[in-house]
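Note: the block below is upload_30.csv and it holds CSV, C-alpha atoms.
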```csv
chain,number,residue,atom,x,y,z
A,216,MET,CA,118.8,118.5,112.9
A,217,LYS,CA,115.2,118.8,111.7
A,218,LYS,CA,113.3,115.6,111.2
A,219,HIS,CA,112.7,114.9,107.5
A,220,ILE,CA,109.4,113.4,106.5
A,221,LEU,CA,108.6,112.1,103.1
A,222,LEU,CA,105.0,111.9,101.8
A,223,VAL,CA,104.4,109.8,98.7
A,224,GLY,CA,101.2,110.1,96.6
A,225,GLY,CA,97.8,111.5,97.7
A,226,TYR,CA,96.7,115.1,97.1
A,227,ASN,CA,94.2,116.6,99.5
A,228,LYS,CA,95.5,114.5,102.4
A,229,THR,CA,99.1,115.3,101.5
A,230,ILE,CA,98.5,119.0,101.3
A,231,SER,CA,96.8,119.3,104.7
A,232,MET,CA,99.3,116.9,106.2
A,233,SER,CA,102.4,118.7,104.8
A,234,GLN,CA,101.1,122.1,106.0
A,235,SER,CA,100.5,120.8,109.5
A,236,LEU,CA,104.0,119.1,109.5
A,237,LEU,CA,105.7,122.2,108.2
A,238,LYS,CA,104.0,124.3,110.9
A,239,LYS,CA,105.4,121.9,113.5
A,240,GLY,CA,108.9,122.4,112.2
A,241,TYR,CA,109.6,119.3,110.2
A,242,GLU,CA,111.3,119.2,106.9
A,243,VAL,CA,108.8,117.9,104.4
A,244,THR,CA,109.2,116.4,100.9
A,245,VAL,CA,106.4,115.1,98.8
A,246,ILE,CA,106.5,112.9,95.7
A,247,ASN,CA,103.6,112.9,93.3
A,248,SER,CA,103.2,111.4,89.9
A,249,ASN,CA,100.6,113.9,88.8
A,250,TYR,CA,102.2,117.0,87.2
A,251,ASP,CA,99.3,119.3,87.9
A,252,HIS,CA,99.1,118.2,91.5
A,253,CYS,CA,102.9,118.8,91.8
A,254,GLN,CA,102.5,122.4,90.5
A,255,LYS,CA,99.7,123.1,93.0
A,256,MET,CA,101.7,121.7,95.9
A,257,ALA,CA,104.8,123.6,94.8
A,258,GLU,CA,103.0,126.8,95.8
A,259,ILE,CA,103.3,125.8,99.5
A,260,PRO,CA,106.3,127.6,100.9
A,261,LYS,CA,109.2,125.5,102.2
A,262,LEU,CA,107.7,122.3,100.8
A,263,ASN,CA,110.0,120.2,98.6
A,264,VAL,CA,108.1,118.7,95.7
A,265,ILE,CA,109.4,115.9,93.4
A,266,PHE,CA,107.5,114.9,90.3
A,267,GLY,CA,107.7,111.2,89.7
A,268,ASP,CA,106.8,107.6,90.5
A,269,GLY,CA,107.6,106.8,94.1
A,270,THR,CA,108.0,103.1,93.5
A,271,LYS,CA,111.1,103.9,91.4
A,272,PRO,CA,114.3,103.9,93.5
A,273,PHE,CA,115.9,106.8,91.5
A,274,VAL,CA,112.9,109.0,92.3
A,275,LEU,CA,113.2,108.3,96.0
A,276,GLN,CA,116.9,109.1,95.7
A,277,GLU,CA,116.0,112.4,94.1
A,278,ALA,CA,113.9,113.1,97.2
A,279,GLN,CA,117.1,112.6,99.3
A,280,ILE,CA,115.8,109.4,100.8
A,281,GLN,CA,119.0,108.9,102.8
A,282,THR,CA,118.1,111.8,105.0
A,283,VAL,CA,114.4,110.8,105.5
A,284,ASP,CA,113.4,109.7,109.0
A,285,ILE,CA,109.8,108.8,108.3
A,286,ALA,CA,108.3,107.8,105.0
A,287,ILE,CA,104.5,107.8,104.6
A,288,ALA,CA,102.8,106.2,101.6
A,289,LEU,CA,99.5,107.8,100.8
A,290,THR,CA,98.6,106.6,97.3
A,291,GLN,CA,95.3,104.9,96.5
A,292,LYS,CA,96.8,101.6,95.5
A,293,ASP,CA,97.8,99.1,98.1
A,294,GLU,CA,100.5,97.5,96.0
A,295,THR,CA,102.1,100.9,95.4
A,296,ASN,CA,102.1,101.8,99.0
A,297,LEU,CA,103.6,98.4,99.9
A,298,VAL,CA,106.4,98.7,97.4
A,299,ILE,CA,107.2,102.3,98.5
A,300,CYS,CA,107.4,101.2,102.1
A,301,GLU,CA,109.5,98.1,101.3
A,302,LEU,CA,111.9,100.1,99.2
A,303,CYS,CA,112.3,102.7,101.9
A,304,LYS,CA,112.8,100.1,104.5
A,305,LYS,CA,114.9,97.5,102.8
A,306,LYS,CA,116.9,99.5,100.2
A,307,PHE,CA,117.3,102.8,101.9
A,308,GLU,CA,116.9,101.8,105.6
A,309,VAL,CA,114.4,104.5,106.5
A,310,TYR,CA,113.8,104.5,110.3
A,311,LYS,CA,110.0,104.4,110.1
A,312,THR,CA,107.5,103.7,107.4
A,313,VAL,CA,103.8,104.3,107.5
A,314,SER,CA,101.3,103.1,104.9
A,315,LEU,CA,97.7,103.8,104.1
A,316,ILE,CA,95.8,100.7,103.2
A,317,ASP,CA,92.5,100.2,101.3
A,318,ASP,CA,91.8,96.5,101.9
A,319,PRO,CA,91.6,95.9,105.7
A,320,LYS,CA,92.2,92.2,105.1
A,321,LYS,CA,95.8,92.9,104.3
A,322,ILE,CA,96.7,94.8,107.4
A,323,LYS,CA,98.4,91.9,109.0
A,324,PHE,CA,100.2,91.1,105.8
A,325,PHE,CA,101.6,94.6,105.5
A,326,TYR,CA,103.0,94.5,109.1
A,327,ALA,CA,104.6,91.1,108.2
A,328,MET,CA,106.3,92.8,105.3
A,329,GLY,CA,108.0,95.2,107.6
A,330,VAL,CA,105.8,98.3,107.4
A,331,ASP,CA,106.0,99.9,110.8
A,332,SER,CA,102.5,101.4,110.9
A,333,VAL,CA,99.5,100.5,108.8
A,334,VAL,CA,96.5,102.8,108.7
A,335,SER,CA,93.2,101.6,107.4
A,336,ALA,CA,91.0,104.5,106.5
A,337,ILE,CA,88.0,102.2,106.0
A,338,ASN,CA,88.4,100.7,109.5
A,339,ALA,CA,88.8,104.1,111.1
A,340,ILE,CA,85.8,105.6,109.3
A,341,THR,CA,83.5,102.6,109.9
A,342,ASN,CA,84.5,102.6,113.6
A,343,ILE,CA,83.6,106.3,113.9
A,344,VAL,CA,80.4,106.0,112.0
A,345,GLU,CA,79.4,103.0,114.0
A,346,GLN,CA,80.1,104.8,117.3
A,347,GLN,CA,78.1,107.8,116.1
A,348,ALA,CA,75.2,105.7,114.9
A,349,LEU,CA,74.9,103.3,117.8
A,350,ILE,CA,75.7,105.4,120.8
A,351,ASP,CA,74.3,108.8,120.0
A,352,GLU,CA,74.8,110.0,123.5
A,353,ILE,CA,78.6,110.0,123.0
A,354,THR,CA,80.0,112.8,121.0
A,355,THR,CA,83.7,111.8,121.1
A,356,VAL,CA,85.5,108.7,122.0
A,357,ILE,CA,89.3,108.7,122.2
A,358,PRO,CA,91.1,105.4,122.7
A,359,VAL,CA,94.3,105.5,124.7
A,360,GLY,CA,96.8,102.8,125.9
A,361,GLU,CA,96.5,100.7,122.8
A,362,GLY,CA,92.7,101.0,122.9
A,363,ARG,CA,92.3,99.4,126.3
A,364,ILE,CA,91.2,102.7,127.9
A,365,THR,CA,88.7,105.0,126.3
A,366,ILE,CA,87.9,108.6,127.1
A,367,ALA,CA,84.3,109.5,126.1
A,368,GLU,CA,82.3,112.7,126.2
A,369,VAL,CA,78.7,112.2,127.3
A,370,LYS,CA,76.0,114.9,127.4
A,371,ILE,CA,73.3,114.6,130.0
A,372,PRO,CA,69.8,115.0,128.4
A,373,MET,CA,67.0,117.1,130.1
A,374,LYS,CA,65.0,114.0,131.0
A,375,ALA,CA,67.8,111.8,132.3
A,376,LYS,CA,66.9,110.2,135.7
A,377,THR,CA,70.4,111.3,137.0
A,378,VAL,CA,69.6,115.0,136.8
A,379,GLY,CA,69.8,116.5,140.3
A,380,LYS,CA,71.4,113.4,141.8
A,381,LYS,CA,74.8,113.3,143.6
A,382,LEU,CA,77.5,111.2,141.9
A,383,TRP,CA,77.6,108.7,144.8
A,384,GLU,CA,73.9,108.1,144.3
A,385,ILE,CA,74.5,106.8,140.8
A,386,ASP,CA,75.3,103.1,140.3
A,387,LEU,CA,78.3,103.3,138.0
A,388,PRO,CA,80.3,100.2,137.1
A,389,LYS,CA,83.7,100.3,138.9
A,390,GLU,CA,85.5,100.2,135.6
A,391,VAL,CA,84.3,103.7,134.9
A,392,ILE,CA,85.1,107.1,136.5
A,393,ILE,CA,83.9,110.5,135.7
A,394,GLY,CA,87.1,112.5,135.2
A,395,CYS,CA,85.6,115.9,134.6
A,396,ILE,CA,82.3,117.8,134.2
A,397,LEU,CA,81.9,120.6,131.7
A,398,ARG,CA,79.1,122.9,132.7
A,399,ASP,CA,78.5,126.0,130.6
A,400,GLU,CA,81.9,127.6,130.1
A,401,GLU,CA,83.6,126.1,133.1
A,402,SER,CA,85.1,122.7,133.8
A,403,MET,CA,85.4,121.0,137.2
A,404,VAL,CA,86.7,117.9,138.7
A,405,PRO,CA,83.7,116.2,140.4
A,406,ARG,CA,83.6,114.8,143.9
A,407,GLY,CA,81.1,112.3,145.3
A,408,ASP,CA,78.7,115.0,146.4
A,409,THR,CA,78.7,116.9,143.1
A,410,ARG,CA,75.1,117.1,141.7
A,411,ILE,CA,74.6,116.4,138.0
A,412,GLN,CA,72.6,119.0,136.0
A,413,ALA,CA,70.8,118.7,132.7
A,414,GLY,CA,73.1,119.8,129.9
A,415,ASP,CA,76.3,118.8,131.7
A,416,GLU,CA,79.0,117.2,129.6
A,417,LEU,CA,80.8,114.4,131.4
A,418,ILE,CA,84.2,113.1,130.5
A,419,LEU,CA,84.3,109.4,131.2
A,420,ILE,CA,87.5,107.4,131.6
A,421,SER,CA,86.8,103.7,131.3
A,422,SER,CA,88.5,100.4,130.9
A,423,ASP,CA,85.3,98.5,130.1
A,424,LYS,CA,81.5,98.7,130.5
A,425,LYS,CA,81.3,102.1,129.0
A,426,GLU,CA,77.9,101.4,127.4
A,427,LYS,CA,76.4,100.4,130.7
A,428,ALA,CA,77.7,103.5,132.4
A,429,ILE,CA,76.3,105.7,129.6
A,430,LYS,CA,72.9,104.0,129.9
A,431,GLU,CA,73.0,104.6,133.7
A,432,LEU,CA,73.9,108.3,133.3
A,433,THR,CA,71.6,109.2,130.4
A,434,GLY,CA,68.8,106.8,130.8
A,435,GLU,CA,65.3,108.4,131.0
A,436,ILE,CA,63.0,108.0,133.9
B,139,MET,CA,115.7,65.4,91.0
B,140,LYS,CA,112.8,63.1,90.6
B,141,LEU,CA,111.0,63.2,87.3
B,142,PHE,CA,107.2,63.5,87.3
B,143,ASN,CA,105.2,60.6,86.0
B,144,ALA,CA,101.8,61.0,84.5
B,145,GLU,CA,99.9,60.6,87.7
B,146,GLN,CA,101.9,63.2,89.5
B,147,LYS,CA,101.4,65.5,86.6
B,148,MET,CA,97.6,65.4,87.2
B,149,ASP,CA,98.1,66.4,90.8
B,150,ARG,CA,100.3,69.4,90.0
B,151,LEU,CA,98.5,72.7,89.8
B,152,ASN,CA,100.1,75.7,88.1
B,153,LEU,CA,98.6,79.0,89.0
B,154,ILE,CA,99.5,81.8,86.6
B,155,ILE,CA,98.5,85.3,87.5
B,156,GLY,CA,98.3,87.8,84.6
B,157,SER,CA,97.3,86.6,81.1
B,158,GLY,CA,99.5,88.8,79.1
B,159,ARG,CA,101.7,87.7,76.3
B,160,LEU,CA,104.0,85.9,78.7
B,161,GLY,CA,101.3,84.5,81.0
B,162,ALA,CA,99.1,83.3,78.2
B,163,SER,CA,101.9,81.6,76.2
B,164,LEU,CA,103.2,79.9,79.3
B,165,ALA,CA,99.7,78.7,80.1
B,166,ASN,CA,99.3,77.3,76.6
B,167,ASP,CA,102.6,75.5,76.8
B,168,LEU,CA,101.9,74.0,80.2
B,169,SER,CA,98.4,72.9,79.1
B,170,ASP,CA,99.9,71.3,76.0
B,171,GLN,CA,102.2,69.3,78.3
B,172,GLY,CA,99.2,68.0,80.1
B,173,GLU,CA,99.6,70.1,83.3
B,174,ASN,CA,96.7,71.5,85.3
B,175,VAL,CA,96.7,75.3,84.8
B,176,VAL,CA,94.6,78.0,86.4
B,177,VAL,CA,95.0,81.5,84.9
B,178,ILE,CA,93.8,84.7,86.7
B,179,ASP,CA,93.4,88.1,84.9
B,180,LYS,CA,91.3,91.1,85.8
B,181,GLY,CA,90.1,91.6,82.3
B,182,LYS,CA,88.1,88.9,80.5
B,183,SER,CA,89.5,89.9,77.1
B,184,ALA,CA,93.0,88.9,78.2
B,185,PHE,CA,92.0,85.2,77.9
B,186,ARG,CA,91.6,85.6,74.1
B,187,LYS,CA,95.4,85.1,73.9
B,188,LEU,CA,94.9,81.5,75.2
B,189,ALA,CA,95.0,78.8,72.5
B,190,PRO,CA,91.7,77.0,71.5
B,191,SER,CA,93.3,73.9,72.8
B,192,PHE,CA,93.9,75.3,76.3
B,193,GLY,CA,92.4,72.9,78.7
B,194,GLY,CA,92.8,74.8,82.0
B,195,MET,CA,90.6,77.1,84.0
B,196,THR,CA,90.3,80.9,83.8
B,197,ILE,CA,89.3,83.2,86.5
B,198,THR,CA,88.4,86.8,86.0
B,199,GLY,CA,89.2,88.9,89.0
B,200,ASP,CA,91.8,91.0,90.8
B,201,ALA,CA,94.4,88.7,92.2
B,202,THR,CA,95.5,91.2,94.8
B,203,ASN,CA,92.2,90.2,96.5
B,204,LEU,CA,92.5,87.3,98.9
B,205,ALA,CA,89.1,85.9,97.9
B,206,VAL,CA,90.1,85.6,94.3
B,207,LEU,CA,93.3,83.8,95.1
B,208,LYS,CA,91.4,81.3,97.2
B,209,GLU,CA,88.9,80.8,94.4
B,210,ALA,CA,91.8,80.0,92.1
B,211,GLN,CA,92.8,77.3,94.6
B,212,ILE,CA,96.1,78.9,95.5
B,213,GLU,CA,96.2,76.6,98.5
B,214,LYS,CA,96.5,73.6,96.2
B,215,ALA,CA,98.9,75.2,93.7
B,216,SER,CA,102.4,73.6,93.5
B,217,VAL,CA,103.8,76.7,91.8
B,218,VAL,CA,102.6,80.3,91.6
B,219,ILE,CA,103.8,82.3,88.6
B,220,VAL,CA,103.1,86.0,88.9
B,221,VAL,CA,103.5,87.8,85.6
B,222,THR,CA,101.1,90.8,85.5
B,223,ASP,CA,102.3,93.9,83.6
B,224,ALA,CA,103.0,95.9,86.8
B,225,ASP,CA,106.0,95.4,89.1
B,226,THR,CA,104.2,96.6,92.2
B,227,ILE,CA,101.3,94.2,91.7
B,228,ASN,CA,103.7,91.3,91.0
B,229,ILE,CA,105.7,92.2,94.2
B,230,MET,CA,102.6,92.3,96.4
B,231,ILE,CA,101.0,89.1,95.0
B,232,SER,CA,104.2,87.0,95.2
B,233,GLN,CA,104.8,88.2,98.8
B,234,MET,CA,101.2,87.4,99.7
B,235,ALA,CA,101.7,83.9,98.2
B,236,LYS,CA,104.8,83.4,100.3
B,237,GLU,CA,103.6,85.1,103.5
B,238,ILE,CA,99.9,84.3,103.7
B,239,PHE,CA,99.6,81.0,101.8
B,240,LYS,CA,103.2,79.8,102.6
B,241,LYS,CA,103.8,78.7,99.0
B,242,GLU,CA,107.3,77.2,98.5
B,243,ASN,CA,107.6,77.8,94.8
B,244,VAL,CA,106.9,81.3,93.6
B,245,ILE,CA,108.2,82.8,90.4
B,246,SER,CA,107.8,86.4,89.6
B,247,ARG,CA,108.7,88.8,86.8
B,248,LEU,CA,110.4,92.1,87.7
B,249,TYR,CA,110.9,94.7,85.0
B,250,ASP,CA,113.0,97.1,87.1
B,251,PRO,CA,116.0,95.3,88.6
B,252,GLU,CA,116.5,98.4,90.9
B,253,ARG,CA,113.5,97.2,92.9
B,254,LYS,CA,115.1,93.9,93.7
B,255,ALA,CA,115.7,94.9,97.3
B,256,VAL,CA,112.1,94.5,98.2
B,257,TYR,CA,112.4,90.7,97.6
B,258,ASP,CA,115.2,90.4,100.1
B,259,GLY,CA,114.6,87.8,102.7
B,260,TYR,CA,112.0,86.0,100.5
B,261,ASP,CA,112.8,82.9,98.5
B,262,ILE,CA,111.0,84.1,95.4
B,263,GLN,CA,112.5,83.2,92.0
B,264,LEU,CA,112.8,86.3,89.8
B,265,VAL,CA,112.9,86.7,86.0
B,266,TYR,CA,114.3,90.0,84.7
B,267,PRO,CA,113.3,90.6,81.1
B,268,ALA,CA,115.7,93.6,80.8
B,269,ILE,CA,118.7,91.6,82.0
B,270,LEU,CA,117.7,88.5,79.9
B,271,SER,CA,117.5,90.7,76.8
B,272,VAL,CA,120.8,92.4,77.5
B,273,ASN,CA,122.5,89.0,77.9
B,274,GLU,CA,120.9,87.7,74.7
B,275,ILE,CA,121.8,90.7,72.7
B,276,ASN,CA,125.4,90.5,74.0
B,277,ARG,CA,125.5,86.9,73.0
B,278,LEU,CA,124.3,87.7,69.5
B,279,LEU,CA,126.9,90.5,69.2
B,280,THR,CA,129.8,88.3,70.3
B,281,GLU,CA,128.6,85.6,68.0
B,282,GLN,CA,128.6,88.1,65.1
B,283,GLN,CA,132.0,89.3,66.0
B,284,SER,CA,133.5,85.9,66.2
B,285,ARG,CA,131.9,85.0,62.8
B,286,ARG,CA,133.4,88.2,61.4
B,287,GLY,CA,136.7,87.2,62.9
B,288,GLU,CA,136.5,83.9,61.1
B,289,GLY,CA,135.5,85.4,57.8
```

Encoded form using structure tokens:
Amino acid sequence: MKKHILLVGGYNKTISMSQSLLKKGYEVTVINSNYDHCQKMAEIPKLNVIFGDGTKPFVLQEAQIQTVDIAIALTQKDETNLVICELCKKKFEVYKTVSLIDDPKKIKFFYAMGVDSVVSAINAITNIVEQQALIDEITTVIPVGEGRITIAEVKIPMKAKTVGKKLWEIDLPKEVIIGCILRDEESMVPRGDTRIQAGDELILISSDKKEKAIKELTGEI
Amino acid sequence: MKLFNAEQKMDRLNLIIGSGRLGASLANDLSDQGENVVVIDKGKSAFRKLAPSFGGMTITGDATNLAVLKEAQIEKASVVIVVTDADTINIMISQMAKEIFKKENVISRLYDPERKAVYDGYDIQLVYPAILSVNEINRLLTEQQSRRGEG
């Protein structure tokens, strides 16, 4: 049977998320307390739209909460999201609940209340902005393994002292390896004798000392 | 149960969240009885409902914010009474009082009895205005009927 995902509240987020979930083959239901928003969302094919307040149990029942596998609370109010998740979990025994949170200080509290996954937009955005602002050599950083390992993309500038050097000539921390080099349109797995060229994009996999490695690779002469 | 003497009364701190009709009249009552009272409400005008004789403290702020609760000395409060006009806010604040501040005595109002399940597993005392009114009206009706029966 198709997995059933319930999205409560939100508008732009909910639209793009429901479209992406429908494309992946899930059954998607949205609950929204704004009638105009409901009408707009009802134009999306295959999407079930319920008009009502998601903190009311009968509205959740109308959305066939018994069949829901994952409930996601996307309203702008923390208390509303909390109550939606708690109702889903405790009253209707939904397998997984996810909540958006505005106040990062309450993340631990939400987990203690039984919400399975708490997403703080503020934390996520500040982290990204901080990364972009402080380490401008990195274009993308992806945390994996609960954030212990990061995969980062580093572009080699024209004036870097590593240009023309072989990989084994560069003093990289042992916590960092270069997993891949993107040069023009092709990508290659580097070896010790691969030479770095200006404009190369390196994919770094690191457990620690990423900043030192980046400084080493992109530092100017 | 032990009765409180005057000295203990001074140490007791009642924290009331939400200065609506219920919160404000409760605050007035407790203050008249000589209890320490702190009232939080997000709108300053809500405190107009407090009596001129009210001797407690008022704090203007959003009680879902941890800093505001701390400013209201929630750590010292012996009872936390959560009576804002929104169920969702009451639920969150009373659970925060239990979970984050480990308060033993939390009383909350719940308009919609259907939402009771969210309080499962938490020792929070609940007041249901709807159920109380139903019981009271039923009582009045049976009283009237029995009076009619007599007459």

Dump as a count of residues only the residues of chain B that approach chain A to within 12 Å, counting only C-alpha atoms.
33

Leaving out stretch 266-268 of chain A and any residue of its chain fewer than 6 positions from it, which residues lie within 7 Å of it when counting all atoms listed in the file, given as an mmCIF file with C-alpha atoms, keeping the file's coordinate frame?
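out-v2.cif written:
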```cif
data_model
loop_
_atom_site.group_PDB
_atom_site.id
_atom_site.type_symbol
_atom_site.label_atom_id
_atom_site.label_comp_id
_atom_site.auth_asym_id
_atom_site.auth_seq_id
_atom_site.Cartn_x
_atom_site.Cartn_y
_atom_site.Cartn_z
ATOM 1 C CA ILE A 246 106.500 112.900 95.700
ATOM 2 C CA ASN A 247 103.600 112.900 93.300
ATOM 3 C CA SER A 248 103.200 111.400 89.900
ATOM 4 C CA TYR A 250 102.200 117.000 87.200
ATOM 5 C CA CYS A 253 102.900 118.800 91.800
ATOM 6 C CA VAL A 274 112.900 109.000 92.300
#
```

Contacts of stretch 212-221 of chain B at 8 Å (all atoms listed in the file; same-chain gap of 3+ positions) as a compact mmCIF listing (two decimals) with C-alpha atoms, in the frame of the given file:
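Final output, saved to part18.txt:
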```txt
# COMPACT_ATOMS: atom_id res chain seq x y z
CA ARG B 150 100.30 69.40 90.00
CA LEU B 151 98.50 72.70 89.80
CA ASN B 152 100.10 75.70 88.10
CA LEU B 153 98.60 79.00 89.00
CA ILE B 154 99.50 81.80 86.60
CA ILE B 155 98.50 85.30 87.50
CA GLY B 156 98.30 87.80 84.60
CA SER B 157 97.30 86.60 81.10
CA GLY B 158 99.50 88.80 79.10
CA LEU B 160 104.00 85.90 78.70
CA GLY B 161 101.30 84.50 81.00
CA LEU B 207 93.30 83.80 95.10
CA LYS B 208 91.40 81.30 97.20
CA GLU B 209 88.90 80.80 94.40
CA ASN B 228 103.70 91.30 91.00
CA ILE B 231 101.00 89.10 95.00
CA SER B 232 104.20 87.00 95.20
CA ALA B 235 101.70 83.90 98.20
CA PHE B 239 99.60 81.00 101.80
CA LYS B 241 103.80 78.70 99.00
CA GLU B 242 107.30 77.20 98.50
CA ASN B 243 107.60 77.80 94.80
CA VAL B 244 106.90 81.30 93.60
CA ILE B 245 108.20 82.80 90.40
CA SER B 246 107.80 86.40 89.60
CA ARG B 247 108.70 88.80 86.80
```

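For A:Val334, the non-local neighbours within 8 Å, defined as residues at least 2 positions apart in the same chain or in other chains and counting all atoms listed in the file, are Val313, Ser314, Leu315, Ile316, Ser332 and Ala336 of chain A.
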
What gap, in Å, lies between atom CA of B:Phe192 and atom CA of B:Ile262?
27.1 Å

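Shortest separation to A:Arg398 among A:Lys427, A:Lys228, A:Lys239, A:Lys370 occurs at residue A:Lys370, atoms counted being only C-alpha atoms.
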
So that all listed atoms of stretch 221-231 of chain B fit with 8 Å spare on each side, what axis-aligned box centre and edge lengths in Å, to one decimal, would you give as AutoDock Vina command-line options?
```
--center_x 103.5 --center_y 92.2 --center_z 90.0 --size_x 21.0 --size_y 24.8 --size_z 28.8
```

Quick one, how far is atom CA of A:Gly240 from atom CA of A:Val359?
25.6 Å

Set the distance at 8 Å and use all atoms listed in the file: which residues neighbour A:Ala428 once local chain neighbours fewer than 4 positions away are removed? I'd like the list as JSON, numbers by chain.
{"A": [387, 388, 391, 424, 432]}

Take the residues that were just selected and, keeping C-alpha atoms, output them as a short mmCIF file (atom, residue, chain, number, x, y, z; two decimals), in the frame of the given file.
```cif
data_model
loop_
_atom_site.label_atom_id
_atom_site.label_comp_id
_atom_site.auth_asym_id
_atom_site.auth_seq_id
_atom_site.Cartn_x
_atom_site.Cartn_y
_atom_site.Cartn_z
CA LEU A 387 78.30 103.30 138.00
CA PRO A 388 80.30 100.20 137.10
CA VAL A 391 84.30 103.70 134.90
CA LYS A 424 81.50 98.70 130.50
CA LEU A 432 73.90 108.30 133.30
#
```
